[in-house]
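*Asks:* Supplied in structure tokens, the structure appears directly below.
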Amino acid sequence: MTPYNDPRTPAVPLTNTPDEALRRSLGVGRRRFLSTCTAVAAGAVAAPVFGAAPALAQDRGRDHGHGHDHGRGQVLVPPHKRGIILYTVRDATARDPLASDLPSGFREVFKQLARHGYRQVEFAGYNQHANAPGGASLESVEGARLLRRWLDEYGLRAQGNHGFIPSSWPLTTADTDTFQKHLEIANILGMDHMGTGGDPTGSSYRADWDVAADKWNALGEIARRAGIKLYTHNHDSAYGFLLDGGPLDDQGRPTRSSGIRKLEYFLKITDPKVVWLEMDIFWAHVAQYKFHTYTAHDGSTRENVFDPAALVARYNKRYPLFHAKDGVVSTTNGMGWDMVPFGTGDIDYTTFFSRVGLSNYRNPMVEDDNSPSATDPAQSLREAKISYDNMAALRKRRC
């Protein structure tokens with residue numbers, strides 16, 4: 001692997017232990033990182049600066065919504081913007097309330113998340129256990145009204161949903177009707193955004209991304225007329241390199257790249273007034289680890305290190321939502337990171353949120369795919385509390 005070295009220091013060959021080498025490749029080291037805050041504040045950090053995060057558990061005091069907390073500095077995620085995607089606690093919403101004393105179903109989970117301090121939720125569909133109030137599916141106008149009543153009851157706001165995006169293109173009448181139904185549900189729930197958990201296309205070819213852009217522009221315009229911002233969520237592959245030139249394969253497809261990343265191309269060719277994005281910060285870091293070199297049209301190997309925060313800053317308000325998902329450096333899984341609860345890993349969210357700015361515009365949603373446990377039924381909601389406390393503790397560094 002080619003190391004991602006801080007340009008302000010000499011290149012260091014990867015001759016250390018595997019863990020030390022990988023940590024260096026993913027950003028500046030823990031001690032050197034702490035010296036970068038002046039450059040960060042000035043917007044001068046051009047290379048990836050994602051390294052080890054500070055120990056947030058030592059700084060978990062609550063603020064009162066004014067952006068500062070008892071002289072400890074400006075908060076990076078204001079209280080009203082602290083959210084969680086319900087996929088993180090999907091075992092709790094799916095739990096049978098007749099078989100457990102733990103919170104179960106949407107209403108009780110909302111109540112518990114509000115106690116933790118959350119003020120926003122992102123849905124991952126509208127299904128719960130059949131024995132919970134409202135029944136198994138709340139994917140209807142009536143179900144949305146019930147969900148909205150519970151959200152209001154506990155002071156929560158719905159901010160998005162990983163839900164229905166039509167598979168057809170051109171759109172069928174049935175898909176259009178279903179899409180319109182989901183927009184109506186979103187409006188009842190009070191969402192500003194509605195989206196999906198998948199990439200616009202899984203292809204690496206420009207022609208397929210052109211088709212995806214046409215489709216999303218059309219869907220986004222339908223959503224705009226309904227007062228909703230339509231967003232697509234990313235995984236690591238969307239930040240891989242577009243195949244757009246060089247020799248053709250036996251199916252007539254290009255085999256080499258200009259160095260343009262797939263989702264960056266999508267951003268350039270979609271209408272910024274109708275298509276929005278949600279960056280999963282964990283998967284963006286996986287992309288930084290996996291996709292740092294490409295084969296150019298002339299056959300040479302070139303390096304292009306992905307900087308997630310710089311992409312957000314470049315496209316600014318097109319990224320209204322994040323998945324705030326943490327990870328520890330890994331040398332074994334092929335991704336560079338192992339997922340852990342927010343604030344307990346090595347992804348430096350203090351620097352990330354400082355660099356992207358617009359704290360009163362962006363909506364970070366805590367996510368941990370692994371929080372539900374087959375042996376510890378209380379784990380997901382317990383880890384949701386840990387994640388909330390760590391998000392609330394994030395402060396701009398004093399330089």
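Ordered as shown in the structure tokens, chains take letters A, B, and onward, while each chain numbers its residues from 1 and ligands are numbered from 1 in the order shown.
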List as a PyMOL selection string the protein and nucleic acid residues near A:Gly202, meaning an atom at most 12 Å away when only C-alpha atoms are counted, but skip any in the same chain fewer than 3 places from it.
*Replies:* chain A and resi 198-199+205-206+208-209+212+234-240+242+262-263
*Asks:* Leaving out A:Asp244 and any residue of its chain fewer than 2 positions from it, which residues lie within 12 Å of it when counting only C-alpha atoms, given as a ChimeraX atom specification?
*Replies:* /A:203-210,241-242,246-249,252-262,265,294-297
*Asks:* Output C-alpha atoms for every residue in that selection, as an mmCIF file, in the first residue's frame.
*Replies:*
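File out.cif, as written:
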data_model
loop_
_atom_site.group_PDB
_atom_site.id
_atom_site.type_symbol
_atom_site.label_atom_id
_atom_site.label_comp_id
_atom_site.auth_asym_id
_atom_site.auth_seq_id
_atom_site.Cartn_x
_atom_site.Cartn_y
_atom_site.Cartn_z
ATOM 1 C CA SER A 203 -21.708 0.391 -11.633
ATOM 2 C CA SER A 204 -18.229 1.773 -12.295
ATOM 3 C CA TYR A 205 -19.081 3.038 -15.781
ATOM 4 C CA ARG A 206 -19.872 6.620 -16.733
ATOM 5 C CA ALA A 207 -22.846 5.658 -18.928
ATOM 6 C CA ASP A 208 -24.606 4.029 -15.967
ATOM 7 C CA TRP A 209 -23.968 7.043 -13.750
ATOM 8 C CA ASP A 210 -25.413 9.266 -16.486
ATOM 9 C CA PHE A 241 -12.831 5.600 -9.381
ATOM 10 C CA LEU A 242 -14.980 5.907 -12.486
ATOM 11 C CA GLY A 246 -8.403 3.539 -21.962
ATOM 12 C CA PRO A 247 -8.619 0.208 -23.793
ATOM 13 C CA LEU A 248 -12.051 -1.404 -23.981
ATOM 14 C CA ASP A 249 -12.831 -4.849 -22.602
ATOM 15 C CA GLY A 252 -16.823 -2.651 -25.203
ATOM 16 C CA ARG A 253 -16.497 -1.056 -21.760
ATOM 17 C CA PRO A 254 -13.627 1.213 -20.631
ATOM 18 C CA THR A 255 -10.997 -0.312 -18.333
ATOM 19 C CA ARG A 256 -9.128 2.742 -17.047
ATOM 20 C CA SER A 257 -9.886 5.929 -15.163
ATOM 21 C CA SER A 258 -9.480 9.682 -15.410
ATOM 22 C CA GLY A 259 -9.174 9.750 -11.617
ATOM 23 C CA ILE A 260 -12.700 11.085 -11.109
ATOM 24 C CA ARG A 261 -14.564 9.341 -8.299
ATOM 25 C CA LYS A 262 -18.001 7.945 -9.114
ATOM 26 C CA TYR A 265 -19.096 12.697 -11.034
ATOM 27 C CA TYR A 294 -6.011 4.154 -10.048
ATOM 28 C CA THR A 295 -4.831 3.120 -13.497
ATOM 29 C CA ALA A 296 -4.860 6.198 -15.722
ATOM 30 C CA HIS A 297 -5.869 6.214 -19.394
#
*Asks:* Could you pull the residues within 7 Å of stretch 86-90 of chain A, counting only C-alpha atoms, minus those fewer than 4 positions along the same chain, as a count of residues only?
*Replies:* 12
*Asks:* Point out the residue among A:Arg382, A:Arg395, A:Arg318, A:His80 with the least atom-to-atom distance to A:Phe353, counting only C-alpha atoms.
*Replies:* A:Arg395
*Asks:* How far is it from atom CA of A:Leu156 to atom CA of A:Ala324, in Å with one decimal?
*Replies:*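 Value for the atom CA of A:Leu156-atom CA of A:Ala324 distance: 18.2 Å.
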*Asks:* Considering only C-alpha atoms, can you say which of A:Tyr231, A:Gly163, A:Leu113, A:Phe291 comes closest to A:Tyr126?
*Replies:*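 The shortest atom-to-atom distance to A:Tyr126 comes from A:Gly163.
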*Asks:* Report the distance between atom CA of A:Lys325 and atom CA of A:Phe282 in Å, rounded to one decimal place.
*Replies:* 5.3 Å
*Asks:* Determine, counting only C-alpha atoms, which protein, DNA and RNA residues have an atom within 10 Å of an atom of A:Asn360; residues of the same chain fewer than 4 positions away are not included. Present the result as a ChimeraX atom specification.
*Replies:* /A:67,76-81,320
*Asks:* When DSSP works through the backbone of this structure, what residues of stretch 149-382 of chain A end up as alpha helix (DSSP H), shown as a PyMOL selection string?
*Replies:* chain A and resi 149-153+173-189+206-225+262-269+281-290+308-315+349-356+379-382
*Asks:* In Å to one decimal, how far is atom CA of A:Pro166 from atom CA of A:Pro308?
*Replies:*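 Answer for the atom CA of A:Pro308 to atom CA of A:Pro166 separation: 28.1 Å.
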*Asks:* DSSP on the backbone: which residues in stretch 136-287 of chain A end up as strand (DSSP E or B)? Give the answer as JSON, numbers by chain.
*Replies:* {"A": [137, 157, 158, 159, 160, 161, 162, 193, 194, 195, 196, 205, 229, 230, 231, 232, 233, 241, 243, 245, 246, 247, 248, 254, 255, 256, 257, 261, 275, 276, 277, 278, 279, 280]}
*Asks:* Can you work out which one of A:Arg95, A:Ala309, A:Trp337, A:Met194 has the shortest atom-to-atom distance to A:Ala136, counting only C-alpha atoms?
*Replies:*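 Closest to A:Ala136 of all the choices is A:Arg95.
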*Asks:* Which one is closest to A:Asp271: A:Gly220, A:Gly195, A:Pro341, A:Pro364? Count only C-alpha atoms.
*Replies:*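 Once distances to A:Asp271 are computed over only C-alpha atoms, the minimum belongs to A:Gly220.
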*Asks:* From the options A:Glu278, A:Glu383, A:Glu184, A:Asp389, which residue's atoms come nearest to A:Phe322, counting only C-alpha atoms?
*Replies:*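 When distances to A:Phe322 are compared using only C-alpha atoms, the smallest one comes from A:Glu278.
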